[in-house]
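A.B. asks: My structure is stored as final.cif, with mmCIF, C-alpha atoms and all ligand atoms.
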data_model
loop_
_atom_site.group_PDB
_atom_site.id
_atom_site.type_symbol
_atom_site.label_atom_id
_atom_site.label_comp_id
_atom_site.auth_asym_id
_atom_site.auth_seq_id
_atom_site.Cartn_x
_atom_site.Cartn_y
_atom_site.Cartn_z
ATOM 1 C CA MET O 1 0.000 0.000 0.000
ATOM 2 C CA THR O 2 1.574 3.247 -1.088
ATOM 3 C CA SER O 3 -0.927 5.471 0.633
ATOM 4 C CA GLU O 4 -0.020 7.150 3.899
ATOM 5 C CA SER O 5 -3.481 6.676 5.357
ATOM 6 C CA ILE O 6 -4.662 3.815 7.529
ATOM 7 C CA PRO O 7 -8.020 2.072 6.928
ATOM 8 C CA PRO O 8 -11.003 3.784 8.607
ATOM 9 C CA GLU O 9 -11.912 2.322 11.982
ATOM 10 C CA SER O 10 -15.656 2.958 11.980
ATOM 11 C CA ALA O 11 -18.475 3.205 9.427
ATOM 12 C CA ALA O 12 -18.800 6.922 10.191
ATOM 13 C CA GLU O 13 -15.094 7.478 9.553
ATOM 14 C CA ALA O 14 -15.290 5.447 6.334
ATOM 15 C CA PHE O 15 -18.301 7.496 5.208
ATOM 16 C CA GLY O 16 -16.401 10.742 5.723
ATOM 17 C CA GLN O 17 -13.290 9.475 3.952
ATOM 18 C CA LEU O 18 -15.337 8.120 1.038
ATOM 19 C CA ARG O 19 -17.198 11.426 0.713
ATOM 20 C CA ALA O 20 -13.912 13.326 0.583
ATOM 21 C CA PHE O 21 -12.507 10.841 -1.945
ATOM 22 C CA SER O 22 -15.537 10.866 -4.223
ATOM 23 C CA GLU O 23 -16.023 14.629 -4.113
ATOM 24 C CA ARG O 24 -12.455 14.886 -5.460
ATOM 25 C CA ILE O 25 -12.391 11.937 -7.899
ATOM 26 C CA GLY O 26 -16.106 11.397 -8.695
ATOM 27 C CA PRO O 27 -16.526 14.316 -11.118
ATOM 28 C CA VAL O 28 -14.107 12.633 -13.577
ATOM 29 C CA TYR O 29 -16.911 10.185 -14.482
ATOM 30 C CA GLY O 30 -19.804 11.983 -12.784
ATOM 31 C CA THR O 31 -20.478 9.264 -10.199
ATOM 32 C CA GLU O 32 -20.036 11.138 -6.911
ATOM 33 C CA ASP O 33 -23.786 11.244 -6.154
ATOM 34 C CA TRP O 34 -24.709 8.033 -7.931
ATOM 35 C CA ALA O 35 -22.254 6.107 -5.773
ATOM 36 C CA VAL O 36 -23.955 7.355 -2.599
ATOM 37 C CA PHE O 37 -27.345 6.330 -4.016
ATOM 38 C CA LEU O 38 -26.016 2.790 -4.605
ATOM 39 C CA TYR O 39 -24.464 2.739 -1.139
ATOM 40 C CA ALA O 40 -27.891 3.459 0.355
ATOM 41 C CA LEU O 41 -29.629 0.915 -1.902
ATOM 42 C CA VAL O 42 -27.163 -1.815 -0.969
ATOM 43 C CA LYS O 43 -27.636 -1.049 2.720
ATOM 44 C CA MET O 44 -31.429 -1.214 2.295
ATOM 45 C CA GLN O 45 -31.788 -4.234 0.010
ATOM 46 C CA ALA O 46 -28.581 -6.239 0.615
ATOM 47 C CA PRO O 47 -27.796 -7.393 -2.934
ATOM 48 C CA LEU O 48 -24.986 -9.754 -1.972
ATOM 49 C CA ASN O 49 -23.470 -10.504 -5.392
ATOM 50 C CA VAL O 50 -22.695 -7.335 -7.301
ATOM 51 C CA LEU O 51 -20.892 -6.927 -10.620
ATOM 52 C CA GLU O 52 -19.681 -3.646 -12.101
ATOM 53 C CA LEU O 53 -18.620 -3.376 -15.736
ATOM 54 C CA GLY O 54 -16.240 -0.421 -15.947
ATOM 55 C CA THR O 55 -14.424 0.511 -12.729
ATOM 56 C CA GLY O 56 -13.478 4.053 -13.713
ATOM 57 C CA LEU O 57 -11.516 5.384 -10.752
ATOM 58 C CA GLY O 58 -13.232 3.036 -8.296
ATOM 59 C CA VAL O 59 -15.769 5.475 -6.862
ATOM 60 C CA THR O 60 -18.919 3.352 -7.163
ATOM 61 C CA ALA O 61 -17.151 0.079 -6.366
ATOM 62 C CA LEU O 62 -15.741 1.513 -3.117
ATOM 63 C CA TRP O 63 -19.123 2.816 -1.935
ATOM 64 C CA VAL O 64 -20.846 -0.485 -2.724
ATOM 65 C CA ALA O 65 -18.058 -2.418 -1.002
ATOM 66 C CA GLN O 66 -18.343 -0.190 2.080
ATOM 67 C CA ALA O 67 -22.113 -0.848 2.209
ATOM 68 C CA LEU O 68 -21.471 -4.609 1.967
ATOM 69 C CA LYS O 69 -18.914 -4.341 4.753
ATOM 70 C CA GLU O 70 -21.449 -2.569 6.949
ATOM 71 C CA ILE O 71 -24.148 -5.216 6.352
ATOM 72 C CA GLY O 72 -21.532 -7.895 7.004
ATOM 73 C CA ALA O 73 -21.948 -9.952 3.820
ATOM 74 C CA GLY O 74 -21.568 -9.876 0.056
ATOM 75 C CA LYS O 75 -19.024 -9.053 -2.608
ATOM 76 C CA ILE O 76 -18.556 -6.738 -5.563
ATOM 77 C CA TRP O 77 -16.450 -7.654 -8.574
ATOM 78 C CA THR O 78 -15.461 -4.763 -10.814
ATOM 79 C CA ILE O 79 -13.961 -5.209 -14.287
ATOM 80 C CA ASP O 80 -11.883 -2.726 -16.265
ATOM 81 C CA ASN O 81 -9.072 -2.901 -18.796
ATOM 82 C CA GLY O 82 -7.531 0.321 -17.464
ATOM 83 C CA GLN O 83 -7.598 1.988 -20.864
ATOM 84 C CA ASP O 84 -8.460 5.445 -19.462
ATOM 85 C CA TRP O 85 -5.833 5.444 -16.703
ATOM 86 C CA PRO O 86 -2.847 6.896 -18.631
ATOM 87 C CA GLU O 87 -4.920 9.742 -20.069
ATOM 88 C CA ILE O 88 -6.497 10.669 -16.711
ATOM 89 C CA LEU O 89 -3.081 10.628 -15.049
ATOM 90 C CA GLY O 90 -1.825 12.846 -17.872
ATOM 91 C CA HIS O 91 -4.496 15.540 -17.630
ATOM 92 C CA SER O 92 -5.339 15.431 -13.905
ATOM 93 C CA PRO O 93 -2.246 14.272 -11.984
ATOM 94 C CA GLU O 94 -3.203 16.483 -9.008
ATOM 95 C CA LEU O 95 -6.096 14.088 -8.201
ATOM 96 C CA PHE O 96 -3.670 11.383 -7.111
ATOM 97 C CA THR O 97 -0.886 10.913 -4.589
ATOM 98 C CA ALA O 98 2.697 10.677 -5.821
ATOM 99 C CA GLY O 99 2.606 6.992 -4.910
ATOM 100 C CA GLN O 100 -0.536 6.366 -6.955
ATOM 101 C CA ARG O 101 0.884 8.212 -9.967
ATOM 102 C CA ALA O 102 3.703 5.646 -10.109
ATOM 103 C CA LEU O 103 1.274 2.709 -10.281
ATOM 104 C CA ASP O 104 -0.423 0.916 -13.156
ATOM 105 C CA PHE O 105 -4.224 0.725 -12.997
ATOM 106 C CA ALA O 106 -4.322 -2.605 -11.129
ATOM 107 C CA GLY O 107 -1.846 -1.165 -8.616
ATOM 108 C CA TYR O 108 -3.994 1.951 -8.177
ATOM 109 C CA MET O 109 -7.047 -0.215 -7.429
ATOM 110 C CA ALA O 110 -5.082 -2.394 -4.979
ATOM 111 C CA ASP O 111 -3.911 0.779 -3.238
ATOM 112 C CA LEU O 112 -7.478 2.093 -2.899
ATOM 113 C CA ILE O 113 -8.851 -1.224 -1.658
ATOM 114 C CA GLY O 114 -6.139 -1.365 1.000
ATOM 115 C CA GLN O 115 -6.591 2.290 1.926
ATOM 116 C CA PHE O 116 -10.292 1.748 2.663
ATOM 117 C CA GLY O 117 -9.848 -1.729 4.173
ATOM 118 C CA LEU O 118 -12.196 -3.376 1.654
ATOM 119 C CA GLU O 119 -10.120 -6.444 0.701
ATOM 120 C CA ASN O 120 -12.900 -8.849 1.725
ATOM 121 C CA GLN O 121 -15.635 -7.070 -0.211
ATOM 122 C CA LEU O 122 -14.081 -5.754 -3.426
ATOM 123 C CA GLU O 123 -12.265 -7.665 -6.151
ATOM 124 C CA PHE O 124 -10.817 -5.878 -9.149
ATOM 125 C CA ILE O 125 -10.527 -7.867 -12.379
ATOM 126 C CA GLY O 126 -8.242 -6.313 -14.984
ATOM 127 C CA ARG O 127 -9.416 -7.402 -18.429
ATOM 128 C CA ALA O 128 -11.112 -6.189 -21.569
ATOM 129 C CA MET O 129 -14.768 -6.858 -22.399
ATOM 130 C CA PRO O 130 -16.294 -8.484 -24.355
ATOM 131 C CA PRO O 131 -16.174 -11.396 -23.778
ATOM 132 C CA TYR O 132 -18.304 -11.022 -20.678
ATOM 133 C CA PRO O 133 -17.710 -13.313 -17.720
ATOM 134 C CA ALA O 134 -19.876 -16.231 -16.671
ATOM 135 C CA MET O 135 -20.362 -15.781 -12.936
ATOM 136 C CA GLU O 136 -20.401 -18.680 -10.484
ATOM 137 C CA GLN O 137 -23.308 -17.203 -8.555
ATOM 138 C CA LYS O 138 -26.515 -15.463 -9.568
ATOM 139 C CA LEU O 139 -26.140 -11.682 -9.563
ATOM 140 C CA ASP O 140 -28.291 -9.486 -7.351
ATOM 141 C CA LEU O 141 -27.074 -6.232 -8.853
ATOM 142 C CA LEU O 142 -25.335 -5.458 -12.156
ATOM 143 C CA PHE O 143 -24.032 -1.958 -12.880
ATOM 144 C CA SER O 144 -22.905 -1.565 -16.471
ATOM 145 C CA ASP O 145 -20.896 1.615 -16.887
ATOM 146 C CA PHE O 146 -18.668 1.325 -19.935
ATOM 147 C CA ARG O 147 -20.829 1.143 -23.084
ATOM 148 C CA HIS O 148 -24.413 2.208 -23.595
ATOM 149 C CA GLY O 149 -25.251 2.005 -27.327
ATOM 150 C CA PRO O 150 -28.345 -0.074 -28.254
ATOM 151 C CA ASN O 151 -26.282 -3.021 -29.522
ATOM 152 C CA ASP O 152 -24.071 -2.912 -26.427
ATOM 153 C CA ILE O 153 -27.133 -2.934 -24.185
ATOM 154 C CA LEU O 154 -28.589 -5.903 -26.049
ATOM 155 C CA ALA O 155 -25.283 -7.796 -25.778
ATOM 156 C CA ILE O 156 -25.000 -7.035 -22.058
ATOM 157 C CA LEU O 157 -28.623 -7.971 -21.333
ATOM 158 C CA GLY O 158 -28.399 -11.103 -23.517
ATOM 159 C CA HIS O 159 -25.370 -12.227 -21.576
ATOM 160 C CA PHE O 160 -26.365 -11.209 -18.065
ATOM 161 C CA LEU O 161 -30.160 -11.443 -17.792
ATOM 162 C CA PRO O 162 -29.971 -15.255 -17.487
ATOM 163 C CA GLN O 163 -27.390 -14.757 -14.737
ATOM 164 C CA MET O 164 -29.568 -12.413 -12.665
ATOM 165 C CA ALA O 165 -31.233 -13.577 -9.456
ATOM 166 C CA ALA O 166 -35.038 -13.831 -9.379
ATOM 167 C CA SER O 167 -35.161 -10.522 -7.479
ATOM 168 C CA SER O 168 -32.403 -8.263 -8.793
ATOM 169 C CA SER O 169 -31.514 -4.995 -10.530
ATOM 170 C CA VAL O 170 -29.625 -4.062 -13.678
ATOM 171 C CA PHE O 171 -28.383 -0.484 -13.971
ATOM 172 C CA ILE O 172 -27.119 0.833 -17.301
ATOM 173 C CA ASP O 173 -25.303 4.111 -17.084
ATOM 174 C CA SER O 174 -26.169 6.892 -19.545
ATOM 175 C CA ALA O 175 -28.810 4.816 -21.389
ATOM 176 C CA SER O 176 -31.759 7.018 -20.383
ATOM 177 C CA THR O 177 -30.356 10.197 -21.929
ATOM 178 C CA SER O 178 -29.264 8.635 -25.227
ATOM 179 C CA PHE O 179 -32.405 8.470 -27.374
ATOM 180 C CA PRO O 180 -31.617 5.222 -29.283
ATOM 181 C CA SER O 181 -30.764 3.441 -26.010
ATOM 182 C CA TYR O 182 -33.784 4.882 -24.217
ATOM 183 C CA ALA O 183 -36.033 3.838 -27.104
ATOM 184 C CA LEU O 184 -34.561 0.338 -27.189
ATOM 185 C CA LEU O 185 -35.284 -0.185 -23.491
ATOM 186 C CA GLU O 186 -38.775 1.270 -23.836
ATOM 187 C CA LEU O 187 -39.485 -1.192 -26.689
ATOM 188 C CA LEU O 188 -37.855 -4.154 -25.013
ATOM 189 C CA VAL O 189 -39.387 -4.095 -21.539
ATOM 190 C CA PRO O 190 -43.067 -4.353 -22.616
ATOM 191 C CA GLN O 191 -42.151 -7.400 -24.726
ATOM 192 C CA LEU O 192 -40.438 -9.037 -21.766
ATOM 193 C CA ASN O 193 -43.466 -8.277 -19.600
ATOM 194 C CA ALA O 194 -45.685 -9.880 -22.248
ATOM 195 C CA GLY O 195 -43.625 -13.063 -21.737
ATOM 196 C CA LYS O 196 -41.784 -12.721 -25.056
ATOM 197 C CA VAL O 197 -38.048 -12.725 -25.801
ATOM 198 C CA PRO O 198 -37.381 -10.553 -28.884
ATOM 199 C CA LEU O 199 -35.187 -12.234 -31.505
ATOM 200 C CA MET O 200 -32.618 -9.427 -31.348
ATOM 201 C CA LEU O 201 -32.097 -10.246 -27.671
ATOM 202 C CA LEU O 202 -32.228 -14.020 -28.102
ATOM 203 C CA SER O 203 -29.649 -13.924 -30.904
ATOM 204 C CA VAL O 204 -27.024 -12.334 -28.595
ATOM 205 C CA THR O 205 -27.751 -14.695 -25.705
ATOM 206 C CA PRO O 206 -25.289 -17.603 -25.410
ATOM 207 C CA ALA O 207 -26.988 -20.767 -26.744
ATOM 208 C CA GLU O 208 -26.663 -22.575 -23.420
ATOM 209 C CA GLN O 209 -28.373 -19.657 -21.616
ATOM 210 C CA GLN O 210 -31.327 -19.189 -23.947
ATOM 211 C CA GLU O 211 -33.655 -21.537 -22.082
ATOM 212 C CA ALA O 212 -32.739 -19.868 -18.782
ATOM 213 C CA LEU O 213 -33.605 -16.501 -20.338
ATOM 214 C CA ARG O 214 -36.948 -17.808 -21.644
ATOM 215 C CA GLU O 215 -37.733 -19.224 -18.204
ATOM 216 C CA GLN O 216 -36.812 -15.969 -16.481
ATOM 217 C CA VAL O 217 -39.049 -13.999 -18.836
ATOM 218 C CA ARG O 218 -41.940 -16.422 -18.215
ATOM 219 C CA SER O 219 -41.636 -16.044 -14.449
ATOM 220 C CA SER O 220 -40.601 -12.377 -13.996
ATOM 221 C CA ARG O 221 -41.925 -8.884 -14.176
ATOM 222 C CA TYR O 222 -39.650 -6.061 -15.240
ATOM 223 C CA THR O 223 -39.877 -2.441 -14.152
ATOM 224 C CA LEU O 224 -37.939 0.214 -16.044
ATOM 225 C CA MET O 225 -37.086 3.466 -14.312
ATOM 226 C CA HIS O 226 -35.137 6.301 -15.917
ATOM 227 C CA MET O 227 -33.072 8.050 -13.307
ATOM 228 C CA VAL O 228 -32.003 11.380 -14.774
ATOM 229 C CA GLU O 229 -29.863 13.800 -12.815
ATOM 230 C CA ARG O 230 -30.765 17.478 -12.971
ATOM 231 C CA LYS O 231 -27.203 18.466 -13.838
ATOM 232 C CA ALA O 232 -25.696 20.440 -16.683
ATOM 233 C CA ARG O 233 -23.522 17.671 -18.044
ATOM 234 C CA VAL O 234 -23.863 14.885 -20.587
ATOM 235 C CA GLN O 235 -24.374 11.236 -19.638
ATOM 236 C CA ASN O 236 -26.276 12.308 -16.537
ATOM 237 C CA SER O 237 -28.596 9.333 -16.287
ATOM 238 C CA THR O 238 -28.907 5.685 -15.380
ATOM 239 C CA ALA O 239 -31.556 3.231 -16.572
ATOM 240 C CA TRP O 240 -32.773 0.914 -13.792
ATOM 241 C CA LEU O 241 -34.273 -2.397 -14.829
ATOM 242 C CA LYS O 242 -35.754 -4.072 -11.781
ATOM 243 C CA ILE O 243 -36.488 -7.786 -12.002
ATOM 244 C CA GLU O 244 -38.955 -9.466 -9.649
ATOM 245 C CA PRO O 245 -40.769 -12.794 -9.612
ATOM 246 C CA VAL O 246 -44.352 -12.682 -10.882
ATOM 247 C CA ASP O 247 -46.125 -12.465 -7.556
ATOM 248 C CA LEU O 248 -48.600 -10.478 -5.493
ATOM 249 C CA ARG O 249 -45.926 -8.777 -3.398
ATOM 250 C CA PRO O 250 -42.958 -6.463 -3.945
ATOM 251 C CA TYR O 251 -39.346 -7.670 -3.717
ATOM 252 C CA PRO O 252 -37.043 -8.059 -1.898
ATOM 253 C CA ALA O 253 -39.762 -9.835 0.039
ATOM 254 C CA ALA O 254 -40.611 -8.426 3.455
ATOM 255 C CA PRO O 255 -43.478 -9.293 5.815
ATOM 256 C CA PHE O 256 -46.660 -7.323 5.074
ATOM 257 C CA HIS O 257 -47.950 -5.176 7.931
HETATM 258 C C1 LIG B 301 -17.392 5.602 -17.135
HETATM 259 S S1 LIG B 301 -16.019 4.712 -16.572
HETATM 260 C C2 LIG B 301 -16.637 3.801 -15.187
HETATM 261 C C3 LIG B 301 -16.963 4.669 -14.004
HETATM 262 C C4 LIG B 301 -17.170 3.935 -12.712
HETATM 263 N N1 LIG B 301 -18.198 2.925 -12.801
HETATM 264 C C5 LIG B 301 -17.454 4.869 -11.547
HETATM 265 O O1 LIG B 301 -18.278 4.557 -10.742
HETATM 266 O O2 LIG B 301 -16.849 5.907 -11.407
HETATM 267 C C6 LIG B 301 -15.783 3.515 -17.836
HETATM 268 C C7 LIG B 301 -14.617 2.585 -17.635
HETATM 269 O O3 LIG B 301 -14.731 1.545 -18.588
HETATM 270 C C8 LIG B 301 -13.430 1.125 -18.968
HETATM 271 N N2 LIG B 301 -13.555 0.463 -20.267
HETATM 272 C C9 LIG B 301 -13.900 1.061 -21.452
HETATM 273 N N3 LIG B 301 -13.936 0.138 -22.429
HETATM 274 C C10 LIG B 301 -13.626 -1.060 -21.850
HETATM 275 C C11 LIG B 301 -13.522 -2.384 -22.340
HETATM 276 N N4 LIG B 301 -13.768 -2.665 -23.634
HETATM 277 N N5 LIG B 301 -13.203 -3.368 -21.475
HETATM 278 C C12 LIG B 301 -12.973 -3.102 -20.155
HETATM 279 N N6 LIG B 301 -13.072 -1.856 -19.644
HETATM 280 C C13 LIG B 301 -13.391 -0.836 -20.473
HETATM 281 C C14 LIG B 301 -12.605 2.393 -18.968
HETATM 282 O O4 LIG B 301 -11.240 2.108 -18.715
HETATM 283 C C15 LIG B 301 -13.250 3.205 -17.851
HETATM 284 O O5 LIG B 301 -12.482 3.083 -16.674
#
Write out the structure in this file as structure tokens.

C.D. replies:
Amino acid sequence: MTSESIPPESAAEAFGQLRAFSERIGPVYGTEDWAVFLYALVKMQAPLNVLELGTGLGVTALWVAQALKEIGAGKIWTIDNGQDWPEILGHSPELFTAGQRALDFAGYMADLIGQFGLENQLEFIGRAMPPYPAMEQKLDLLFSDFRHGPNDILAILGHFLPQMAASSSVFIDSASTSFPSYALLELLVPQLNAGKVPLMLLSVTPAEQQEALREQVRSSRYTLMHMVERKARVQNSTAWLKIEPVDLRPYPAAPFH
């Protein structure tokens, strides 16, 4: 660990340190508020298996990992090929410590994870996508934050929908404020809710996962929410696709009062 700091000793201390970190670093990718939203959601709903596509500078992954640490269970995997790291270091070196500036992207992530004491909750995977990974466990939360064109969204949903837990959420960054991506999701979700898998989605779903996708669509209801930030910057939105079993109650399931 190159950082001078020692891991926070309490949740309150971690919260303060994460706020300071993400106020400084978050604006690079515009995730300083989004990360706090996900932190709160993870604390409320305890999605224990979380996957992030596109680590950026680690802002969202750290907040999610801190929430998992506080609830005492769960893990987030975050994947990135580090392609943006040299350019960000070049134009904004003041954002990083001298020690971090000497590191490659994997080293930077290891430094952050150690600095915040999140080794048990956060795993960084340095690789390019596609191909997308097959996970060993069903995912409770997927945050895709590296490509948001209509074909990218179809490829990501075709690959990951069959890997989502019966009650889970998929978030796709920037999709709600790009008209073709917004329109694709608005066309797709009613078809899924009618129990149908459109051919364009089926054709990008791995053959061995197609039956799992059909079964999920038969037994699920999908809710699409466009979360748009009132901010004067581009890519200020996230599409939230919530998946729940067809039932007479909301999920995650809680006792009715
Ligand atoms: C918008 S940033 C992610 C921001 C991050 N989720 C956050 O919370 O701050 C997108 C990231 O995707 C990575 N990326 C872009 N194309 C990629 C690819 N084909 N494979 C893996 N990572 C990629 C970039 O290196 C960049 O770090």

A.B. asks: Just the number, please: distance in Å from CA of Pro162 in chain O to CA of Ala212 in chain O, one decimal.

C.D. replies: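 If I compute the distance from CA of Pro162 in chain O to CA of Ala212 in chain O, I get 5.5 Å.
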
A.B. asks: Tell me, as a VMD selection string, which residues lie within 12 Å of range 129-133 of chain O, counting only C-alpha atoms; anything in the same chain fewer than 5 positions away does not count.

C.D. replies: chain O and resid 51 to 54 77 to 83 139 144 to 147 152 155 to 160 163 204 to 206

A.B. asks: The PyMOL selection byres (((chain O and resi 238-254) around 8) and not hetatm) on the file shown: which residues, as a ChimeraX atom specification?

C.D. replies: /O:45,166-176,219-228,236-237,255-256

A.B. asks: O:Asp33, O:Glu23, O:Glu13, O:Asp84: which is nearest ligand LIG 301 (chain B), counting all atoms listed in the file?

C.D. replies: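 Going through O:Asp33, O:Glu23, O:Glu13, O:Asp84 one by one, the smallest distance to ligand LIG 301 (chain B) is for O:Asp84.
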
A.B. asks: Output the residue selection produced by the PyMOL selection byres (((chain O and resi 188-200) around 7) and not hetatm) on the file above, formatted as a VMD selection string.

C.D. replies: chain O and resid 184 to 187 201 to 204 214 217 to 218 221 to 222

A.B. asks: Output C-alpha atoms of each residue in that selection to a file, as a tab-separated table (two decimals), in the coordinates of the input.

C.D. replies:
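Everything below was put into result-v3.tsv:
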chain	number	residue	atom	x	y	z
O	184	LEU	CA	-34.56	0.34	-27.19
O	185	LEU	CA	-35.28	-0.18	-23.49
O	186	GLU	CA	-38.78	1.27	-23.84
O	187	LEU	CA	-39.48	-1.19	-26.69
O	201	LEU	CA	-32.10	-10.25	-27.67
O	202	LEU	CA	-32.23	-14.02	-28.10
O	203	SER	CA	-29.65	-13.92	-30.90
O	204	VAL	CA	-27.02	-12.33	-28.60
O	214	ARG	CA	-36.95	-17.81	-21.64
O	217	VAL	CA	-39.05	-14.00	-18.84
O	218	ARG	CA	-41.94	-16.42	-18.22
O	221	ARG	CA	-41.92	-8.88	-14.18
O	222	TYR	CA	-39.65	-6.06	-15.24

A.B. asks: Enter the distance from CA of Asp140 in chain O to CA of Arg19 in chain O, in Å, rounded to one decimal.

C.D. replies: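 Going from CA of Asp140 in chain O over to CA of Arg19 in chain O, I get 25.0 Å.
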
A.B. asks: O:Leu122, O:Ala134, O:Leu41, O:Ile25: which is nearest ligand LIG 301 (chain B), counting only C-alpha atoms and all ligand atoms?

C.D. replies: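 Answer, going by the shortest atom-to-atom distance: O:Ile25.
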
A.B. asks: Which is closer to ligand LIG 301 (chain B) than all the others in O:Met109, O:Leu18, O:Val59, O:Val64, using all atoms listed in the file?

C.D. replies: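 Of O:Met109, O:Leu18, O:Val59, O:Val64, the one nearest ligand LIG 301 (chain B) is O:Val59, counting all atoms listed in the file.
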
A.B. asks: Report the distance between atom N6 of ligand LIG 301 (chain B) and CA of Ala128 in chain O in Å, rounded to one decimal place.

C.D. replies: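 So the two atoms, atom N6 of ligand LIG 301 (chain B) and CA of Ala128 in chain O, lie 5.1 Å apart.
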
A.B. asks: Can you translate the PyMOL selection byres (((chain O and resi 149) around 9) and not hetatm) into the concrete residues it hits in this file, as a CSV table (one decimal) with C-alpha atoms, in the frame of the given file?

C.D. replies:
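Output contents, as saved in expr02.csv:
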chain,number,residue,atom,x,y,z
O,147,ARG,CA,-20.8,1.1,-23.1
O,148,HIS,CA,-24.4,2.2,-23.6
O,150,PRO,CA,-28.3,-0.1,-28.3
O,151,ASN,CA,-26.3,-3.0,-29.5
O,152,ASP,CA,-24.1,-2.9,-26.4
O,153,ILE,CA,-27.1,-2.9,-24.2
O,154,LEU,CA,-28.6,-5.9,-26.0
O,175,ALA,CA,-28.8,4.8,-21.4
O,178,SER,CA,-29.3,8.6,-25.2
O,180,PRO,CA,-31.6,5.2,-29.3
O,181,SER,CA,-30.8,3.4,-26.0

A.B. asks: I'd like to know which of O:Ile88, O:Lys69, O:Thr31, O:Ala165 is closest to Leu213 in chain O, using all atoms listed in the file.

C.D. replies: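 Under the stated criterion, the closest residue is O:Ala165.
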
A.B. asks: Have a look at O:Leu118, O:Ile6, O:Leu48, O:Val234 and name the one nearest to ligand LIG 301 (chain B); count only C-alpha atoms and all ligand atoms.

C.D. replies: O:Val234

A.B. asks: Could you check which residues have any atom within 10 Å of (-23.0, -1.0, 5.2), counting all atoms listed in the file with coordinates taken straight from the file, and then list them as a VMD selection string?

C.D. replies: chain O and resid 11 15 39 to 44 46 63 to 73

A.B. asks: Can you sort out the box for ligand LIG 301 (chain B), edges along x, y and z, all listed atoms in, 5 Å on every side, with centre and edge lengths in Å to one decimal, as JSON?

C.D. replies:
{"center_x": -14.8, "center_y": 1.3, "center_z": -17.2, "size_x": 17.0, "size_y": 19.3, "size_z": 22.9}

A.B. asks: When distances are computed from all atoms listed in the file, which of O:Leu57, O:Leu142, O:Glu215, O:Leu62 shows the smallest separation from Gly107 in chain O?

C.D. replies: O:Leu57

A.B. asks: Within 10 Å of Pro7 in chain O, counting all atoms listed in the file, which residues show up once you throw out same-chain ones fewer than 6 positions away? Write them as a list in words, please.

C.D. replies: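 Near Pro7 in chain O, the qualifying residues are Glu13, Ala14, Gln17, Leu112, Ile113, Gly114, Gln115, Phe116, Gly117 and Leu118 of chain O.
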
A.B. asks: Those same residues - C-alpha atoms - I'd like them written as a PDB file, in the coordinates of the input.

C.D. replies:
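Everything below was put into part-v6.pdb:
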ATOM      1  CA  GLU O  13     -15.094   7.478   9.553  1.00  0.00           C
ATOM      2  CA  ALA O  14     -15.290   5.447   6.334  1.00  0.00           C
ATOM      3  CA  GLN O  17     -13.290   9.475   3.952  1.00  0.00           C
ATOM      4  CA  LEU O 112      -7.478   2.093  -2.899  1.00  0.00           C
ATOM      5  CA  ILE O 113      -8.851  -1.224  -1.658  1.00  0.00           C
ATOM      6  CA  GLY O 114      -6.139  -1.365   1.000  1.00  0.00           C
ATOM      7  CA  GLN O 115      -6.591   2.290   1.926  1.00  0.00           C
ATOM      8  CA  PHE O 116     -10.292   1.748   2.663  1.00  0.00           C
ATOM      9  CA  GLY O 117      -9.848  -1.729   4.173  1.00  0.00           C
ATOM     10  CA  LEU O 118     -12.196  -3.376   1.654  1.00  0.00           C
TER      11      LEU O 118
END

A.B. asks: Just the residues within 12 Å of range 94-99 of chain O, please, counting only C-alpha atoms, with nothing from its chain fewer than 2 positions along; format it as a PDB file with C-alpha atoms, in the coordinates of the input.

C.D. replies:
ATOM      1  CA  MET O   1       0.000   0.000   0.000  1.00  0.00           C
ATOM      2  CA  THR O   2       1.574   3.247  -1.088  1.00  0.00           C
ATOM      3  CA  SER O   3      -0.927   5.471   0.633  1.00  0.00           C
ATOM      4  CA  GLU O   4      -0.020   7.150   3.899  1.00  0.00           C
ATOM      5  CA  SER O   5      -3.481   6.676   5.357  1.00  0.00           C
ATOM      6  CA  ALA O  20     -13.912  13.326   0.583  1.00  0.00           C
ATOM      7  CA  PHE O  21     -12.507  10.841  -1.945  1.00  0.00           C
ATOM      8  CA  SER O  22     -15.537  10.866  -4.223  1.00  0.00           C
ATOM      9  CA  GLU O  23     -16.023  14.629  -4.113  1.00  0.00           C
ATOM     10  CA  ARG O  24     -12.455  14.886  -5.460  1.00  0.00           C
ATOM     11  CA  ILE O  25     -12.391  11.937  -7.899  1.00  0.00           C
ATOM     12  CA  GLY O  26     -16.106  11.397  -8.695  1.00  0.00           C
ATOM     13  CA  PRO O  27     -16.526  14.316 -11.118  1.00  0.00           C
ATOM     14  CA  VAL O  28     -14.107  12.633 -13.577  1.00  0.00           C
ATOM     15  CA  LEU O  57     -11.516   5.384 -10.752  1.00  0.00           C
ATOM     16  CA  TRP O  85      -5.833   5.444 -16.703  1.00  0.00           C
ATOM     17  CA  ILE O  88      -6.497  10.669 -16.711  1.00  0.00           C
ATOM     18  CA  LEU O  89      -3.081  10.628 -15.049  1.00  0.00           C
ATOM     19  CA  GLY O  90      -1.825  12.846 -17.872  1.00  0.00           C
ATOM     20  CA  HIS O  91      -4.496  15.540 -17.630  1.00  0.00           C
ATOM     21  CA  SER O  92      -5.339  15.431 -13.905  1.00  0.00           C
ATOM     22  CA  ARG O 101       0.884   8.212  -9.967  1.00  0.00           C
ATOM     23  CA  ALA O 102       3.703   5.646 -10.109  1.00  0.00           C
ATOM     24  CA  LEU O 103       1.274   2.709 -10.281  1.00  0.00           C
ATOM     25  CA  ASP O 104      -0.423   0.916 -13.156  1.00  0.00           C
ATOM     26  CA  GLY O 107      -1.846  -1.165  -8.616  1.00  0.00           C
ATOM     27  CA  TYR O 108      -3.994   1.951  -8.177  1.00  0.00           C
ATOM     28  CA  ASP O 111      -3.911   0.779  -3.238  1.00  0.00           C
ATOM     29  CA  LEU O 112      -7.478   2.093  -2.899  1.00  0.00           C
TER      30      LEU O 112
END
